[in-house]
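Next up, start-v1.csv (CSV, N, CA and C atoms):
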```csv
chain,number,residue,atom,x,y,z
N,126,GLY,N,34.9,10.1,3.0
N,126,GLY,CA,33.9,9.9,1.9
N,126,GLY,C,34.3,8.6,1.2
N,127,GLY,N,33.5,8.4,0.1
N,127,GLY,CA,33.7,7.2,-0.7
N,127,GLY,C,34.5,7.5,-2.0
N,128,SER,N,35.1,8.6,-2.1
N,128,SER,CA,35.8,8.9,-3.3
N,128,SER,C,37.1,8.1,-3.4
N,129,VAL,N,37.5,7.9,-4.7
N,129,VAL,CA,38.8,7.2,-5.0
N,129,VAL,C,39.6,8.1,-5.8
N,130,ASN,N,40.9,8.3,-5.4
N,130,ASN,CA,41.8,9.1,-6.1
N,130,ASN,C,42.5,8.2,-7.2
N,131,VAL,N,42.3,8.6,-8.5
N,131,VAL,CA,42.9,7.9,-9.6
N,131,VAL,C,43.8,8.9,-10.3
N,132,GLU,N,45.0,8.5,-10.6
N,132,GLU,CA,46.0,9.3,-11.3
N,132,GLU,C,45.5,9.3,-12.8
N,133,GLU,N,45.8,10.4,-13.5
N,133,GLU,CA,45.4,10.6,-14.9
N,133,GLU,C,45.9,9.4,-15.8
N,134,ALA,N,47.1,9.0,-15.6
N,134,ALA,CA,47.6,7.9,-16.4
N,134,ALA,C,46.8,6.6,-16.1
N,135,GLU,N,46.4,6.4,-14.9
N,135,GLU,CA,45.6,5.2,-14.5
N,135,GLU,C,44.3,5.3,-15.2
N,136,LEU,N,43.7,6.5,-15.2
N,136,LEU,CA,42.4,6.7,-15.8
N,136,LEU,C,42.5,6.4,-17.3
N,137,GLU,N,43.5,6.9,-17.9
N,137,GLU,CA,43.7,6.7,-19.4
N,137,GLU,C,43.8,5.2,-19.7
N,138,GLU,N,44.5,4.5,-18.8
N,138,GLU,CA,44.7,3.1,-19.0
N,138,GLU,C,43.4,2.3,-18.9
N,139,ILE,N,42.6,2.7,-17.9
N,139,ILE,CA,41.3,2.1,-17.7
N,139,ILE,C,40.4,2.4,-19.0
N,140,GLU,N,40.4,3.6,-19.4
N,140,GLU,CA,39.5,4.0,-20.5
N,140,GLU,C,40.0,3.5,-21.9
N,141,LYS,N,41.3,3.2,-22.0
N,141,LYS,CA,41.8,2.8,-23.3
N,141,LYS,C,41.1,1.6,-23.9
N,142,GLY,N,40.7,0.6,-23.1
N,142,GLY,CA,40.0,-0.6,-23.5
N,142,GLY,C,38.5,-0.4,-23.8
N,143,GLN,N,38.0,0.7,-23.5
N,143,GLN,CA,36.6,0.9,-23.6
N,143,GLN,C,36.3,1.6,-25.0
N,144,LYS,N,35.2,1.1,-25.7
N,144,LYS,CA,34.9,1.7,-27.0
N,144,LYS,C,34.2,3.1,-26.7
N,145,GLU,N,34.5,3.9,-27.7
N,145,GLU,CA,33.9,5.3,-27.6
N,145,GLU,C,32.4,5.2,-28.0
N,146,ASP,N,31.6,5.8,-27.2
N,146,ASP,CA,30.2,5.8,-27.4
N,146,ASP,C,29.8,7.2,-27.8
N,147,LYS,N,29.8,7.5,-29.2
N,147,LYS,CA,29.5,8.8,-29.7
N,147,LYS,C,28.1,9.2,-29.4
N,148,ILE,N,27.2,8.3,-29.5
N,148,ILE,CA,25.8,8.6,-29.2
N,148,ILE,C,25.6,9.1,-27.8
N,149,MET,N,26.1,8.4,-26.8
N,149,MET,CA,26.0,8.8,-25.5
N,149,MET,C,26.7,10.1,-25.2
N,150,GLU,N,27.9,10.3,-25.8
N,150,GLU,CA,28.6,11.6,-25.7
N,150,GLU,C,27.8,12.7,-26.2
N,151,LYS,N,27.1,12.6,-27.3
N,151,LYS,CA,26.2,13.6,-27.9
N,151,LYS,C,25.1,13.9,-26.9
N,152,PHE,N,24.5,12.8,-26.4
N,152,PHE,CA,23.4,13.0,-25.4
N,152,PHE,C,23.8,13.8,-24.2
N,153,LYS,N,25.0,13.4,-23.6
N,153,LYS,CA,25.5,14.0,-22.4
N,153,LYS,C,25.8,15.5,-22.7
N,154,SER,N,26.4,15.7,-23.9
N,154,SER,CA,26.8,17.1,-24.3
N,154,SER,C,25.6,18.0,-24.4
N,155,ARG,N,24.5,17.5,-25.0
N,155,ARG,CA,23.3,18.3,-25.1
N,155,ARG,C,22.6,18.5,-23.7
N,156,VAL,N,22.6,17.5,-22.9
N,156,VAL,CA,22.0,17.6,-21.6
N,156,VAL,C,22.7,18.6,-20.7
N,157,ARG,N,24.0,18.6,-20.9
N,157,ARG,CA,24.8,19.6,-20.1
N,157,ARG,C,24.4,21.0,-20.3
N,158,ARG,N,23.9,21.3,-21.5
N,158,ARG,CA,23.5,22.7,-21.8
N,158,ARG,C,22.3,23.2,-20.9
N,159,CYS,N,21.5,22.2,-20.6
N,159,CYS,CA,20.3,22.5,-19.7
N,159,CYS,C,20.0,21.3,-18.9
N,160,PRO,N,20.8,21.1,-17.8
N,160,PRO,CA,20.7,19.8,-17.1
N,160,PRO,C,19.3,19.6,-16.3
N,161,ASP,N,18.6,20.6,-16.2
N,161,ASP,CA,17.3,20.5,-15.5
N,161,ASP,C,16.1,20.2,-16.4
N,162,GLN,N,16.4,20.2,-17.7
N,162,GLN,CA,15.4,20.0,-18.7
N,162,GLN,C,14.7,18.6,-18.6
N,163,VAL,N,13.4,18.6,-18.5
N,163,VAL,CA,12.7,17.4,-18.4
N,163,VAL,C,11.9,17.0,-19.7
N,164,VAL,N,11.7,18.0,-20.6
N,164,VAL,CA,11.0,17.8,-21.8
N,164,VAL,C,11.8,18.5,-23.0
N,165,ARG,N,12.0,17.8,-24.1
N,165,ARG,CA,12.6,18.4,-25.3
N,165,ARG,C,11.5,18.3,-26.4
N,166,TYR,N,11.2,19.5,-26.9
N,166,TYR,CA,10.2,19.6,-28.0
N,166,TYR,C,10.8,19.8,-29.3
N,167,ASP,N,10.5,19.0,-30.3
N,167,ASP,CA,11.0,19.2,-31.7
N,167,ASP,C,10.0,18.6,-32.7
N,168,ARG,N,8.9,19.2,-32.9
N,168,ARG,CA,7.8,18.6,-33.7
N,168,ARG,C,8.4,18.3,-35.1
N,169,ARG,N,8.1,17.1,-35.5
N,169,ARG,CA,8.6,16.5,-36.8
N,169,ARG,C,10.1,16.5,-36.9
N,170,GLY,N,10.8,16.6,-35.8
N,170,GLY,CA,12.2,16.5,-35.8
N,170,GLY,C,12.7,15.1,-35.4
N,171,ASP,N,13.8,15.0,-34.7
N,171,ASP,CA,14.3,13.7,-34.3
N,171,ASP,C,14.6,13.8,-32.8
N,172,PRO,N,14.4,12.6,-32.2
N,172,PRO,CA,14.7,12.6,-30.7
N,172,PRO,C,16.2,12.6,-30.5
N,173,LEU,N,16.6,13.1,-29.4
N,173,LEU,CA,18.0,13.0,-29.0
N,173,LEU,C,18.2,11.6,-28.4
N,174,LEU,N,19.0,10.8,-29.1
N,174,LEU,CA,19.1,9.4,-28.7
N,174,LEU,C,20.1,9.2,-27.5
N,175,CYS,N,19.9,8.2,-26.7
N,175,CYS,CA,20.7,8.0,-25.6
N,175,CYS,C,21.4,6.6,-25.7
N,176,GLY,N,21.1,5.9,-26.8
N,176,GLY,CA,21.7,4.6,-26.9
N,176,GLY,C,21.7,4.2,-28.4
N,177,ALA,N,22.5,3.2,-28.7
N,177,ALA,CA,22.7,2.8,-30.1
N,177,ALA,C,21.5,1.9,-30.7
N,178,ALA,N,20.7,1.4,-29.8
N,178,ALA,CA,19.6,0.5,-30.3
N,178,ALA,C,18.7,1.3,-31.2
N,179,PRO,N,18.3,0.7,-32.4
N,179,PRO,CA,17.5,1.5,-33.3
N,179,PRO,C,16.1,1.8,-32.7
N,180,VAL,N,15.6,2.9,-33.0
N,180,VAL,CA,14.2,3.3,-32.6
N,180,VAL,C,13.3,2.8,-33.6
N,181,PRO,N,12.3,2.0,-33.2
N,181,PRO,CA,11.3,1.4,-34.2
N,181,PRO,C,10.5,2.5,-34.8
N,182,PRO,N,10.0,2.4,-36.0
N,182,PRO,CA,9.1,3.4,-36.6
N,182,PRO,C,7.8,3.4,-35.8
N,183,ALA,N,7.2,4.6,-35.7
N,183,ALA,CA,5.9,4.7,-35.0
N,183,ALA,C,4.8,4.1,-35.8
N,184,PRO,N,3.9,3.4,-35.2
N,184,PRO,CA,2.7,2.9,-35.9
N,184,PRO,C,1.8,4.0,-36.4
N,185,SER,N,1.0,3.7,-37.4
N,185,SER,CA,0.0,4.7,-37.9
N,185,SER,C,-1.0,5.1,-36.8
N,186,CYS,N,-1.6,6.2,-37.0
N,186,CYS,CA,-2.6,6.7,-36.1
N,186,CYS,C,-3.8,5.8,-36.1
N,187,SER,N,-4.2,5.4,-34.9
N,187,SER,CA,-5.3,4.5,-34.7
N,187,SER,C,-6.6,5.1,-35.1
N,188,ARG,N,-6.7,6.4,-35.1
N,188,ARG,CA,-7.9,7.1,-35.4
N,188,ARG,C,-8.1,7.3,-36.9
N,189,CYS,N,-7.1,7.9,-37.6
N,189,CYS,CA,-7.2,8.2,-39.1
N,189,CYS,C,-6.3,7.3,-40.0
N,190,GLY,N,-5.4,6.6,-39.4
N,190,GLY,CA,-4.5,5.8,-40.2
N,190,GLY,C,-3.3,6.5,-40.8
N,191,GLY,N,-3.2,7.8,-40.4
N,191,GLY,CA,-2.1,8.7,-40.9
N,191,GLY,C,-0.8,8.4,-40.2
N,192,ALA,N,0.2,9.0,-40.8
N,192,ALA,CA,1.6,8.8,-40.2
N,192,ALA,C,1.7,9.6,-38.9
N,193,ARG,N,2.6,9.1,-38.1
N,193,ARG,CA,2.9,9.8,-36.8
N,193,ARG,C,4.3,10.3,-36.9
N,194,SER,N,4.6,11.4,-36.3
N,194,SER,CA,6.0,12.0,-36.3
N,194,SER,C,6.4,12.3,-34.9
N,195,PHE,N,7.7,12.3,-34.7
N,195,PHE,CA,8.2,12.7,-33.3
N,195,PHE,C,7.7,14.1,-33.0
N,196,GLU,N,7.3,14.2,-31.7
N,196,GLU,CA,6.9,15.6,-31.2
N,196,GLU,C,7.7,16.0,-30.0
N,197,PHE,N,7.9,15.2,-29.0
N,197,PHE,CA,8.7,15.6,-27.9
N,197,PHE,C,9.2,14.3,-27.2
N,198,GLN,N,10.2,14.6,-26.3
N,198,GLN,CA,10.7,13.5,-25.5
N,198,GLN,C,10.8,13.9,-24.0
N,199,VAL,N,10.5,12.9,-23.2
N,199,VAL,CA,10.6,13.1,-21.7
N,199,VAL,C,12.0,12.6,-21.3
N,200,MET,N,12.8,13.5,-20.7
N,200,MET,CA,14.2,13.2,-20.4
N,200,MET,C,14.3,12.5,-19.0
N,201,PRO,N,15.4,11.8,-18.8
N,201,PRO,CA,15.5,11.1,-17.5
N,201,PRO,C,15.6,11.9,-16.3
N,202,GLN,N,15.9,13.2,-16.5
N,202,GLN,CA,16.0,14.1,-15.3
N,202,GLN,C,14.6,14.2,-14.6
N,203,LEU,N,13.5,13.9,-15.3
N,203,LEU,CA,12.2,13.9,-14.6
N,203,LEU,C,12.2,12.9,-13.4
N,204,LEU,N,12.9,11.8,-13.6
N,204,LEU,CA,13.0,10.8,-12.5
N,204,LEU,C,13.5,11.5,-11.2
N,205,SER,N,14.5,12.3,-11.4
N,205,SER,CA,15.1,13.0,-10.2
N,205,SER,C,14.2,14.0,-9.6
N,206,GLU,N,13.5,14.8,-10.5
N,206,GLU,CA,12.6,15.8,-10.1
N,206,GLU,C,11.4,15.2,-9.3
N,207,LEU,N,11.0,13.9,-9.6
N,207,LEU,CA,9.9,13.2,-9.0
N,207,LEU,C,10.4,12.3,-7.8
N,208,SER,N,11.7,12.4,-7.6
N,208,SER,CA,12.4,11.5,-6.6
N,208,SER,C,12.1,10.0,-6.9
N,209,LEU,N,12.2,9.7,-8.1
N,209,LEU,CA,12.0,8.3,-8.6
N,209,LEU,C,13.3,7.8,-9.2
N,210,GLY,N,13.4,6.5,-9.5
N,210,GLY,CA,14.5,6.0,-10.3
N,210,GLY,C,15.8,5.7,-9.5
N,211,SER,N,15.7,5.7,-8.1
N,211,SER,CA,16.9,5.4,-7.4
N,211,SER,C,17.2,3.9,-7.4
N,212,ASP,N,16.2,3.1,-7.7
N,212,ASP,CA,16.4,1.7,-8.0
N,212,ASP,C,16.4,1.4,-9.5
N,213,THR,N,17.1,0.5,-9.9
N,213,THR,CA,17.1,0.1,-11.3
N,213,THR,C,15.9,-0.7,-11.6
N,214,CYS,N,15.6,-0.8,-12.9
N,214,CYS,CA,14.4,-1.6,-13.4
N,214,CYS,C,14.5,-3.0,-12.9
N,215,GLU,N,15.7,-3.6,-12.8
N,215,GLU,CA,15.8,-5.0,-12.4
N,215,GLU,C,15.3,-5.3,-11.0
N,216,VAL,N,15.3,-4.2,-10.1
N,216,VAL,CA,14.8,-4.4,-8.8
N,216,VAL,C,13.5,-3.7,-8.5
N,217,GLY,N,12.7,-3.5,-9.6
N,217,GLY,CA,11.4,-2.9,-9.5
N,217,GLY,C,11.3,-1.4,-9.5
N,218,GLY,N,12.5,-0.8,-9.8
N,218,GLY,CA,12.5,0.7,-9.9
N,218,GLY,C,12.0,1.2,-11.2
N,219,VAL,N,12.0,2.5,-11.3
N,219,VAL,CA,11.7,3.2,-12.6
N,219,VAL,C,12.9,3.7,-13.2
N,220,ASP,N,13.2,3.5,-14.5
N,220,ASP,CA,14.4,4.0,-15.1
N,220,ASP,C,14.1,4.0,-16.6
N,221,TRP,N,14.6,5.1,-17.2
N,221,TRP,CA,14.6,5.1,-18.7
N,221,TRP,C,15.7,6.1,-19.1
N,222,GLY,N,16.1,6.0,-20.4
N,222,GLY,CA,17.0,6.9,-21.0
N,222,GLY,C,16.2,8.1,-21.6
N,223,SER,N,15.1,7.8,-22.2
N,223,SER,CA,14.3,8.8,-22.8
N,223,SER,C,13.0,8.2,-23.2
N,224,ILE,N,11.9,9.0,-23.2
N,224,ILE,CA,10.6,8.5,-23.7
N,224,ILE,C,10.3,9.4,-24.9
N,225,HIS,N,10.2,8.8,-26.1
N,225,HIS,CA,9.9,9.5,-27.3
N,225,HIS,C,8.4,9.5,-27.6
N,226,VAL,N,7.8,10.6,-27.8
N,226,VAL,CA,6.3,10.6,-28.0
N,226,VAL,C,6.1,11.1,-29.5
N,227,TYR,N,5.3,10.3,-30.2
N,227,TYR,CA,5.0,10.5,-31.6
N,227,TYR,C,3.5,10.8,-31.7
N,228,THR,N,3.2,11.8,-32.4
N,228,THR,CA,1.8,12.2,-32.6
N,228,THR,C,1.4,12.2,-34.0
N,229,CYS,N,0.1,12.1,-34.3
N,229,CYS,CA,-0.5,12.1,-35.6
N,229,CYS,C,-0.2,13.4,-36.4
N,230,ASP,N,0.3,13.2,-37.6
N,230,ASP,CA,0.6,14.3,-38.5
N,230,ASP,C,-0.6,15.1,-38.9
N,231,ASN,N,-1.8,14.4,-38.8
N,231,ASN,CA,-3.0,15.1,-39.2
N,231,ASN,C,-3.7,15.8,-38.1
N,232,SER,N,-3.1,15.7,-36.9
N,232,SER,CA,-3.7,16.4,-35.7
N,232,SER,C,-5.3,16.1,-35.7
N,233,CYS,N,-5.6,14.8,-35.6
N,233,CYS,CA,-7.0,14.4,-35.7
N,233,CYS,C,-7.9,15.3,-34.8
N,234,GLN,N,-9.1,15.6,-35.3
N,234,GLN,CA,-10.1,16.3,-34.5
N,234,GLN,C,-10.7,15.4,-33.5
N,235,VAL,N,-10.7,15.9,-32.2
N,235,VAL,CA,-11.3,15.1,-31.1
N,235,VAL,C,-12.4,15.9,-30.6
N,236,ASP,N,-13.6,15.4,-30.7
N,236,ASP,CA,-14.8,16.1,-30.2
N,236,ASP,C,-14.9,16.0,-28.6
N,237,GLN,N,-14.5,14.9,-28.1
N,237,GLN,CA,-14.6,14.7,-26.7
N,237,GLN,C,-13.5,13.7,-26.2
N,238,GLY,N,-12.9,14.0,-25.1
N,238,GLY,CA,-11.9,13.1,-24.6
N,238,GLY,C,-10.5,13.3,-25.2
N,239,TYR,N,-9.7,12.2,-25.3
N,239,TYR,CA,-8.3,12.2,-25.7
N,239,TYR,C,-8.1,11.2,-26.8
N,240,VAL,N,-7.0,11.4,-27.5
N,240,VAL,CA,-6.5,10.5,-28.5
N,240,VAL,C,-5.3,9.8,-28.0
N,241,THR,N,-5.2,8.5,-28.1
N,241,THR,CA,-4.0,7.8,-27.7
N,241,THR,C,-2.9,8.0,-28.7
N,242,GLU,N,-1.8,8.5,-28.3
N,242,GLU,CA,-0.6,8.6,-29.2
N,242,GLU,C,0.4,7.5,-28.9
N,243,TYR,N,1.5,7.5,-29.5
N,243,TYR,CA,2.5,6.5,-29.4
N,243,TYR,C,3.7,7.0,-28.6
N,244,ALA,N,4.2,6.2,-27.6
N,244,ALA,CA,5.4,6.5,-26.9
N,244,ALA,C,6.3,5.3,-27.0
N,245,HIS,N,7.6,5.6,-27.2
N,245,HIS,CA,8.6,4.6,-27.2
N,245,HIS,C,9.6,4.9,-26.1
N,246,VAL,N,9.9,3.9,-25.3
N,246,VAL,CA,10.9,4.1,-24.2
N,246,VAL,C,12.2,3.6,-24.6
N,247,GLN,N,13.2,4.4,-24.6
N,247,GLN,CA,14.6,4.0,-24.9
N,247,GLN,C,15.4,4.0,-23.6
N,248,CYS,N,16.0,2.9,-23.4
N,248,CYS,CA,16.9,2.7,-22.2
N,248,CYS,C,18.3,3.0,-22.6
N,249,PHE,N,19.1,3.3,-21.6
N,249,PHE,CA,20.5,3.5,-21.8
N,249,PHE,C,21.1,2.1,-22.1
N,250,ASP,N,22.1,2.1,-23.0
N,250,ASP,CA,22.8,0.9,-23.4
N,250,ASP,C,23.6,0.4,-22.2
```

As structure tokens, the full file:
Amino acid sequence: GGSVNVEEAELEEIEKGQKEDKIMEKFKSRVRRCPDQVVRYDRRGDPLLCGAAPVPPAPSCSRCGGARSFEFQVMPQLLSELSLGSDTCEVGGVDWGSIHVYTCDNSCQVDQGYVTEYAHVQCFD
């Protein structure tokens, strides 16, 4: 196989120079609880971040002008479920850390069709 045996002391030496990524550790810890989860729902809550880059505020609703709040996020495990993402974005593949979806706080009435909501794609750092 392609595995490499690394002694514990060697591994500690390699990791010693790396900065601790608390955001990613929190992300991985939560994902470990339910590794097959493809959607996380938390209406008016906060997304589970996968990187340190700040998440921009969601724009106002295009229909009523009201505020939008976080509603759910699409997790990167969906890529595996759909057999996508084996190539990185740089070579034309599909990849993301999380897709955060924000919806209108007023739950605008729609007589026919759909309302466009706001999605923010967060990539892994």

* To do: Have a look at N:Phe249, N:Phe152, N:Tyr243, N:Phe195 and name the one nearest to Asp220 in chain N; count only C-alpha atoms.
  =>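 Closest candidate: N:Phe249.
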
Which polymer residues have any atom within 6.5 Å of an atom of Gln247 in chain N, counting all atoms listed in the file, with same-chain residues fewer than 6 positions away left out, as a short mmCIF file (atom, residue, chain, number, x, y, z; two decimals) with N, CA and C atoms, in the frame of the given file?
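Okay, this is what ended up in result.cif:
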```
data_model
loop_
_atom_site.label_atom_id
_atom_site.label_comp_id
_atom_site.auth_asym_id
_atom_site.auth_seq_id
_atom_site.Cartn_x
_atom_site.Cartn_y
_atom_site.Cartn_z
N TRP N 221 14.60 5.10 -17.20
CA TRP N 221 14.60 5.10 -18.70
C TRP N 221 15.70 6.10 -19.10
N GLY N 222 16.10 6.00 -20.40
CA GLY N 222 17.00 6.90 -21.00
C GLY N 222 16.20 8.10 -21.60
N SER N 223 15.10 7.80 -22.20
CA SER N 223 14.30 8.80 -22.80
C SER N 223 13.00 8.20 -23.20
N ILE N 224 11.90 9.00 -23.20
CA ILE N 224 10.60 8.50 -23.70
C ILE N 224 10.30 9.40 -24.90
N HIS N 225 10.20 8.80 -26.10
CA HIS N 225 9.90 9.50 -27.30
C HIS N 225 8.40 9.50 -27.60
#
```

* Asked: Quick one: of N:Asp167, N:Asp230, N:Asp250, N:Asp236, who's nearest to Cys186 in chain N, counting all atoms listed in the file?
  ->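 The answer is N:Asp230, which sits nearest to Cys186 in chain N.
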
* Asked: Do you know which residues are at most 7 Å from range 196-198 of chain N counting all atoms listed in the file, after dropping those on the same chain fewer than 4 positions away, and could you put them as JSON, numbers by chain?
  -> {"N": [163, 164, 165, 166, 167, 168, 169, 170, 172, 223, 224, 225, 226, 227, 228]}

* Minimum-distance residue to Leu203 in chain N, chosen among N:Val180, N:Val219, N:Ala134, N:Leu173 (using only C-alpha atoms) -> N:Val219

* From the list N:Val246, N:Cys233, N:Leu209, N:Met149, which residue is nearest Ala177 in chain N when using all atoms listed in the file? ->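 Checking each of N:Val246, N:Cys233, N:Leu209, N:Met149 against Ala177 in chain N, counting all atoms listed in the file, the winner is N:Met149.
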
* Asked: Per DSSP on the backbone, what are the strand (DSSP E or B) residues of range 189-242 of chain N, as a PyMOL selection string?
  -> chain N and resi 193-199+223-229

* To do: Run DSSP on the backbone and grab whatever in range 144-219 of chain N lands in alpha helix (DSSP H); send it over as a ChimeraX atom specification.
  => /N:147-158,202-206

* **Among the residues N:Ala178, N:Ser187, N:Gln162, N:Asn231, the one that comes closest to Met200 in chain N [using only N, CA and C atoms]** => N:Gln162
